[in-house]
Amino acid sequence: MGILKGPLSGRRYRIVGDLPEGFTDEFIASLNTNQHREPQSPTHKGQSMGWCQVHNLLDVDFSDVNQWLYNHYALFALRVDTKTVPAKLLRAHLEKRQQAWCQANNRPKAPAAVREELREALEQEMLLKTLPRVQTMEVCWNMNDRWLFFTSDGELPNENFQKLFLRTFGLRAIPWSPLDELAATDGLPEALVSAGTTDLRGQGDLRGAGR
Amino acid sequence: MSEGATELLPAHVSADFYLWLWFRSESLGGHFSIEDGSALEVYVDDRLALRDAGEERPTTLLTGDSPGTTPEARAAVLGGKVPKEIRFLMRREDREYHVTLRGERVGIAGAKLPTQVKTGEVAEILYDRMFVYEELHWLVSCLLRQFAAERASESWRATVVPQMRAWLGALDAGASGG
């Protein structure tokens, strides 16, 4: 599912601000600065986020504009990697380690400091063997008409996208669905508020009642 | 981060829009005339989700052919439920769109676009897809404007609401009568 094939889902934004003169070179540098980077440590836990190309999520170099700029459309993707260890598996292994420690040390229970040490060591071991969960969400930016489409409807991905877009390009992306267009029509929001709500159960319009 | 402009509108607008579009698609036989004078056909496709007023999660989900014509769908509305998402088929000239409109922002989801270019240069595929996506966005915007003009007018309460009640009641009576 995405910009180039399959059903299309996601949110539309309008872009506030002007493109800088000779923006191409500037945007190459900005995209490369904010490209997705693999964490330096293989035991890194949590999220890593940055831009990649739509054609292959391993391609994160934007120097060749032919790979992401098509006339007035910029096409790229937000890549988010998330690495965690399965909590239940960690707990089960930890229990075994604690039992082994108690047996080796002839103690009924491992002290808190030892338990924490065992947990940290185990988590590092498991992170080494764990691959991240990789998500990509595509961005198609019409730079002439100042709108873009982001192929996710999730709140968190959209928040992350807005922040990274602002950091990368210095331009604000504001959610802009057909309903936002409607809301920007002079006088219409007030007219719709004063029109009240509709109740089809037979009571007529109930002014002021919320839905 | 800004949340756009929808916070200026009453929260029920999107649900009213979905209901109006469902009602109009049946009462007009699917035939709309949009603001540039061209014809547009709109039908409820194969999915309809309704929620209780004031709730977020849908509590009634109807799928299959023309779920909008089922007694269950009308009974849910008569019982006070409001549409949360509806999948529509829209046809303009020879282009046919299947799209789910959902949520308070009237989001576009699962849009099947009538593209011409399926393979070849990325640029050609992209221009073709964005052309039809733009048309879909414009069509939804046109329908929303048409709805808003009716919704904010005096004729809403005087004419449209009674028509909607009759539309719901006719089917309800038909269902009761066997």
# chains A, B, ... in the order shown; residues from 1 in each chain; ligands from 1

$ residues_around --residues "Ala109 (chain B)" --least-positions-apart "5" --cutoff "10 Å" --atoms "only C-alpha atoms" --output "list in words"
Pro7, Leu8, Ser9, Gly10, Arg11, Thr151, Ser152 and Asp153 of chain A; Glu85, Arg87, His98, Val99, Thr100, Leu101 and Arg102 of chain B

$ interface_residues --of "chain B" --to "chain A" --cutoff "8 Å" --atoms "only C-alpha atoms" --output "PyMOL selection string"
chain B and resi 1-6+8-14+16+53-54+77-80+105-113+122-123+125-126+129+137+140-141+144-145+148+151-153+157+161+164-165

$ write_last_selection --atoms "N, CA and C atoms" --output "CSV table (one decimal), in the first residue's frame"
chain,number,residue,atom,x,y,z
B,1,MET,N,2.3,20.9,17.7
B,1,MET,CA,1.9,20.9,16.3
B,1,MET,C,0.5,21.3,16.1
B,2,SER,N,0.2,22.1,15.1
B,2,SER,CA,-1.2,22.5,14.8
B,2,SER,C,-2.0,21.3,14.4
B,3,GLU,N,-3.3,21.3,14.7
B,3,GLU,CA,-4.2,20.3,14.4
B,3,GLU,C,-5.1,20.7,13.2
B,4,GLY,N,-4.6,21.6,12.4
B,4,GLY,CA,-5.4,22.0,11.2
B,4,GLY,C,-6.6,22.9,11.7
B,5,ALA,N,-7.6,22.9,10.9
B,5,ALA,CA,-8.7,23.8,11.1
B,5,ALA,C,-10.0,23.2,11.6
B,6,THR,N,-10.0,21.8,11.7
B,6,THR,CA,-11.3,21.2,12.0
B,6,THR,C,-11.8,21.5,13.4
B,8,LEU,N,-12.5,24.1,14.5
B,8,LEU,CA,-13.5,25.2,14.4
B,8,LEU,C,-14.9,24.7,14.2
B,9,LEU,N,-14.9,23.4,13.7
B,9,LEU,CA,-16.3,22.9,13.4
B,9,LEU,C,-16.9,22.1,14.5
B,10,PRO,N,-18.2,22.0,14.6
B,10,PRO,CA,-18.8,21.1,15.6
B,10,PRO,C,-18.4,19.6,15.3
B,11,ALA,N,-18.2,18.9,16.4
B,11,ALA,CA,-17.7,17.5,16.3
B,11,ALA,C,-18.6,16.6,15.4
B,12,HIS,N,-19.9,16.9,15.3
B,12,HIS,CA,-20.8,16.0,14.6
B,12,HIS,C,-20.8,16.2,13.1
B,13,VAL,N,-20.0,17.1,12.6
B,13,VAL,CA,-20.1,17.5,11.2
B,13,VAL,C,-19.8,16.3,10.3
B,14,SER,N,-18.7,15.6,10.7
B,14,SER,CA,-18.3,14.4,9.8
B,14,SER,C,-19.3,13.3,9.8
B,16,ASP,N,-22.5,13.7,10.3
B,16,ASP,CA,-23.7,14.2,9.5
B,16,ASP,C,-23.4,14.1,8.0
B,53,ALA,N,-23.5,7.6,19.6
B,53,ALA,CA,-23.2,9.0,19.8
B,53,ALA,C,-22.4,9.2,21.0
B,54,GLY,N,-21.3,9.9,20.9
B,54,GLY,CA,-20.4,10.2,22.0
B,54,GLY,C,-19.3,9.2,22.2
B,77,VAL,N,-29.4,3.7,12.9
B,77,VAL,CA,-29.5,5.1,12.8
B,77,VAL,C,-30.7,5.6,13.6
B,78,LEU,N,-31.8,4.9,13.4
B,78,LEU,CA,-33.0,5.2,14.1
B,78,LEU,C,-32.8,5.1,15.6
B,79,GLY,N,-31.9,4.2,16.0
B,79,GLY,CA,-31.7,3.9,17.4
B,79,GLY,C,-30.7,4.9,18.0
B,80,GLY,N,-30.2,5.9,17.1
B,80,GLY,CA,-29.3,6.9,17.6
B,80,GLY,C,-27.9,6.8,17.3
B,105,ARG,N,-12.1,13.7,10.9
B,105,ARG,CA,-11.4,14.5,9.9
B,105,ARG,C,-11.8,14.2,8.4
B,106,VAL,N,-12.6,13.3,8.2
B,106,VAL,CA,-13.0,12.8,6.9
B,106,VAL,C,-11.7,12.4,6.2
B,107,GLY,N,-11.1,11.4,6.8
B,107,GLY,CA,-9.8,10.9,6.2
B,107,GLY,C,-10.1,9.9,5.1
B,108,ILE,N,-9.2,9.8,4.1
B,108,ILE,CA,-9.3,8.9,3.0
B,108,ILE,C,-8.5,7.7,3.3
B,109,ALA,N,-9.1,6.5,3.2
B,109,ALA,CA,-8.4,5.3,3.5
B,109,ALA,C,-8.7,4.2,2.5
B,110,GLY,N,-7.7,3.4,2.2
B,110,GLY,CA,-7.9,2.2,1.3
B,110,GLY,C,-8.4,2.6,-0.1
B,111,ALA,N,-7.9,3.8,-0.6
B,111,ALA,CA,-8.4,4.3,-1.8
B,111,ALA,C,-7.9,3.5,-3.0
B,112,LYS,N,-8.8,2.9,-3.7
B,112,LYS,CA,-8.4,2.2,-5.0
B,112,LYS,C,-8.5,3.2,-6.1
B,113,LEU,N,-7.4,3.5,-6.7
B,113,LEU,CA,-7.4,4.6,-7.7
B,113,LEU,C,-7.4,4.1,-9.1
B,122,VAL,N,9.1,5.3,-13.0
B,122,VAL,CA,8.5,5.8,-11.7
B,122,VAL,C,7.8,7.1,-11.9
B,123,ALA,N,8.4,8.0,-12.6
B,123,ALA,CA,7.8,9.3,-12.8
B,123,ALA,C,6.4,9.3,-13.4
B,125,ILE,N,4.3,6.7,-13.4
B,125,ILE,CA,3.4,6.1,-12.5
B,125,ILE,C,3.0,7.1,-11.4
B,126,LEU,N,3.9,7.9,-10.9
B,126,LEU,CA,3.7,8.9,-9.9
B,126,LEU,C,2.7,10.0,-10.4
B,129,ARG,N,-0.8,8.5,-10.7
B,129,ARG,CA,-1.4,8.3,-9.4
B,129,ARG,C,-1.8,9.6,-8.7
B,137,HIS,N,-9.5,13.7,-4.1
B,137,HIS,CA,-9.5,14.7,-3.0
B,137,HIS,C,-10.5,15.8,-3.3
B,140,VAL,N,-14.2,14.7,-3.0
B,140,VAL,CA,-14.7,14.6,-1.6
B,140,VAL,C,-14.9,16.0,-1.1
B,141,SER,N,-14.0,16.9,-1.5
B,141,SER,CA,-14.2,18.3,-1.1
B,141,SER,C,-15.4,19.0,-1.7
B,144,LEU,N,-18.4,17.6,0.2
B,144,LEU,CA,-18.4,18.2,1.5
B,144,LEU,C,-19.0,19.7,1.5
B,145,ARG,N,-18.6,20.4,0.4
B,145,ARG,CA,-19.1,21.8,0.3
B,145,ARG,C,-20.6,21.7,0.0
B,148,ALA,N,-22.3,21.0,3.2
B,148,ALA,CA,-22.2,22.1,4.2
B,148,ALA,C,-23.2,23.2,3.8
B,151,ARG,N,-26.5,21.9,4.9
B,151,ARG,CA,-26.5,21.7,6.4
B,151,ARG,C,-26.7,23.0,7.1
B,152,ALA,N,-26.1,24.1,6.5
B,152,ALA,CA,-26.2,25.4,7.2
B,152,ALA,C,-27.4,26.2,6.7
B,153,SER,N,-28.1,25.6,5.8
B,153,SER,CA,-29.3,26.4,5.3
B,153,SER,C,-30.6,26.1,6.1
B,157,ARG,N,-33.5,21.7,8.2
B,157,ARG,CA,-34.5,21.3,9.1
B,157,ARG,C,-35.9,21.2,8.5
B,161,VAL,N,-34.2,17.0,6.8
B,161,VAL,CA,-34.4,16.1,7.9
B,161,VAL,C,-35.7,15.3,7.8
B,164,MET,N,-35.0,12.6,5.3
B,164,MET,CA,-34.2,11.6,5.9
B,164,MET,C,-35.1,10.6,6.8
B,165,ARG,N,-35.9,11.3,7.5
B,165,ARG,CA,-36.8,10.4,8.4
B,165,ARG,C,-37.7,9.5,7.6

$ closest_residue --among "B:Gly169, B:Lys84, B:Ala76, B:Leu40" --to "Glu135 (chain B)" --atoms "only C-alpha atoms"
B:Leu40

$ select_by_dssp --residues "region 20-205 of chain A" --states "strand (DSSP E)" --output "ChimeraX atom specification"
/A:46-52,69-70,73-83,133-142,147-150,172-175

$ select_by_dssp --residues "region 1-197 of chain A" --states "alpha helix (DSSP H)" --output "ChimeraX atom specification"
/A:23-33,87-105,112-129,155-169,178-183,188-194

$ residues_around --residues "Val132 (chain B)" --least-positions-apart "6" --cutoff "10 Å" --atoms "only C-alpha atoms" --output "list in words"
Arg95, Glu96, Tyr97, Lys112, Leu113, Pro114, Thr115, Gln116 and Trp138 of chain B

$ residues_around --residues "region 81-95 of chain A" --least-positions-apart "5" --cutoff "10 Å" --atoms "only C-alpha atoms" --output "ChimeraX atom specification"
/A:36-39,42-50,100-101,115-116,118-136

$ residues_around --residues "Arg146 (chain A)" --least-positions-apart "2" --cutoff "8 Å" --atoms "only C-alpha atoms" --output "PyMOL selection string"
chain A and resi 14-16+141-144+148

$ write_last_selection --atoms "C-alpha atoms" --output "PDB file, in the first residue's frame"
ATOM      1  CA  ARG A  14      -0.481  21.667   3.582  1.00  0.00           C
ATOM      2  CA  ILE A  15       2.984  23.124   3.759  1.00  0.00           C
ATOM      3  CA  VAL A  16       3.439  26.546   5.263  1.00  0.00           C
ATOM      4  CA  TRP A 141       5.197  16.342  -1.585  1.00  0.00           C
ATOM      5  CA  ASN A 142       3.724  18.494  -4.336  1.00  0.00           C
ATOM      6  CA  MET A 143       6.045  21.479  -4.030  1.00  0.00           C
ATOM      7  CA  ASN A 144       4.154  23.634  -6.538  1.00  0.00           C
ATOM      8  CA  LEU A 148       1.844  16.491   0.712  1.00  0.00           C
TER       9      LEU A 148
END

$ closest_residue --among "A:Ala112, A:Asp64, A:Asp59, A:Val54" --to "Ala29 (chain A)" --atoms "only C-alpha atoms"
A:Asp64

$ atom_distance --atom1 "CA of Pro67 (chain B)" --atom2 "CA of Tyr133 (chain B)"
25.5 Å

$ decode --residues "region 13-27 of chain B" --atoms "N, CA, C and O atoms" --output "mmCIF file, in the first residue's frame"
data_model
loop_
_atom_site.group_PDB
_atom_site.id
_atom_site.type_symbol
_atom_site.label_atom_id
_atom_site.label_comp_id
_atom_site.auth_asym_id
_atom_site.auth_seq_id
_atom_site.Cartn_x
_atom_site.Cartn_y
_atom_site.Cartn_z
ATOM 1 N N VAL B 13 -20.034 17.146 12.618
ATOM 2 C CA VAL B 13 -20.128 17.461 11.183
ATOM 3 C C VAL B 13 -19.766 16.266 10.302
ATOM 4 O O VAL B 13 -20.451 15.974 9.318
ATOM 5 N N SER B 14 -18.687 15.557 10.663
ATOM 6 C CA SER B 14 -18.271 14.444 9.799
ATOM 7 C C SER B 14 -19.338 13.350 9.775
ATOM 8 O O SER B 14 -19.665 12.815 8.706
ATOM 9 N N ALA B 15 -19.908 13.030 10.950
ATOM 10 C CA ALA B 15 -20.947 11.991 10.995
ATOM 11 C C ALA B 15 -22.174 12.427 10.193
ATOM 12 O O ALA B 15 -22.779 11.628 9.466
ATOM 13 N N ASP B 16 -22.534 13.709 10.305
ATOM 14 C CA ASP B 16 -23.665 14.234 9.525
ATOM 15 C C ASP B 16 -23.375 14.128 8.030
ATOM 16 O O ASP B 16 -24.262 13.823 7.224
ATOM 17 N N PHE B 17 -22.132 14.411 7.669
ATOM 18 C CA PHE B 17 -21.744 14.345 6.255
ATOM 19 C C PHE B 17 -21.873 12.914 5.724
ATOM 20 O O PHE B 17 -22.442 12.684 4.648
ATOM 21 N N TYR B 18 -21.365 11.950 6.504
ATOM 22 C CA TYR B 18 -21.451 10.549 6.055
ATOM 23 C C TYR B 18 -22.911 10.134 5.887
ATOM 24 O O TYR B 18 -23.273 9.466 4.921
ATOM 25 N N LEU B 19 -23.742 10.548 6.855
ATOM 26 C CA LEU B 19 -25.157 10.173 6.800
ATOM 27 C C LEU B 19 -25.837 10.830 5.600
ATOM 28 O O LEU B 19 -26.612 10.190 4.875
ATOM 29 N N TRP B 20 -25.531 12.092 5.384
ATOM 30 C CA TRP B 20 -26.111 12.837 4.246
ATOM 31 C C TRP B 20 -25.706 12.188 2.920
ATOM 32 O O TRP B 20 -26.527 12.015 2.015
ATOM 33 N N LEU B 21 -24.426 11.810 2.830
ATOM 34 C CA LEU B 21 -23.937 11.239 1.572
ATOM 35 C C LEU B 21 -24.580 9.872 1.324
ATOM 36 O O LEU B 21 -24.941 9.536 0.185
ATOM 37 N N TRP B 22 -24.747 9.113 2.355
ATOM 38 C CA TRP B 22 -25.424 7.813 2.284
ATOM 39 C C TRP B 22 -26.880 8.014 1.845
ATOM 40 O O TRP B 22 -27.355 7.383 0.902
ATOM 41 N N PHE B 23 -27.567 8.962 2.527
ATOM 42 C CA PHE B 23 -28.963 9.262 2.218
ATOM 43 C C PHE B 23 -29.116 9.775 0.784
ATOM 44 O O PHE B 23 -29.941 9.274 0.003
ATOM 45 N N ARG B 24 -28.282 10.736 0.418
ATOM 46 C CA ARG B 24 -28.382 11.308 -0.922
ATOM 47 C C ARG B 24 -28.050 10.270 -2.003
ATOM 48 O O ARG B 24 -28.670 10.262 -3.062
ATOM 49 N N SER B 25 -27.086 9.409 -1.732
ATOM 50 C CA SER B 25 -26.697 8.418 -2.740
ATOM 51 C C SER B 25 -27.875 7.486 -3.032
ATOM 52 O O SER B 25 -28.036 7.024 -4.161
ATOM 53 N N GLU B 26 -28.709 7.254 -2.030
ATOM 54 C CA GLU B 26 -29.876 6.389 -2.253
ATOM 55 C C GLU B 26 -31.065 7.173 -2.795
ATOM 56 O O GLU B 26 -31.752 6.716 -3.711
ATOM 57 N N SER B 27 -31.283 8.374 -2.242
ATOM 58 C CA SER B 27 -32.473 9.118 -2.681
ATOM 59 C C SER B 27 -32.291 9.688 -4.091
ATOM 60 O O SER B 27 -33.267 9.911 -4.800
#
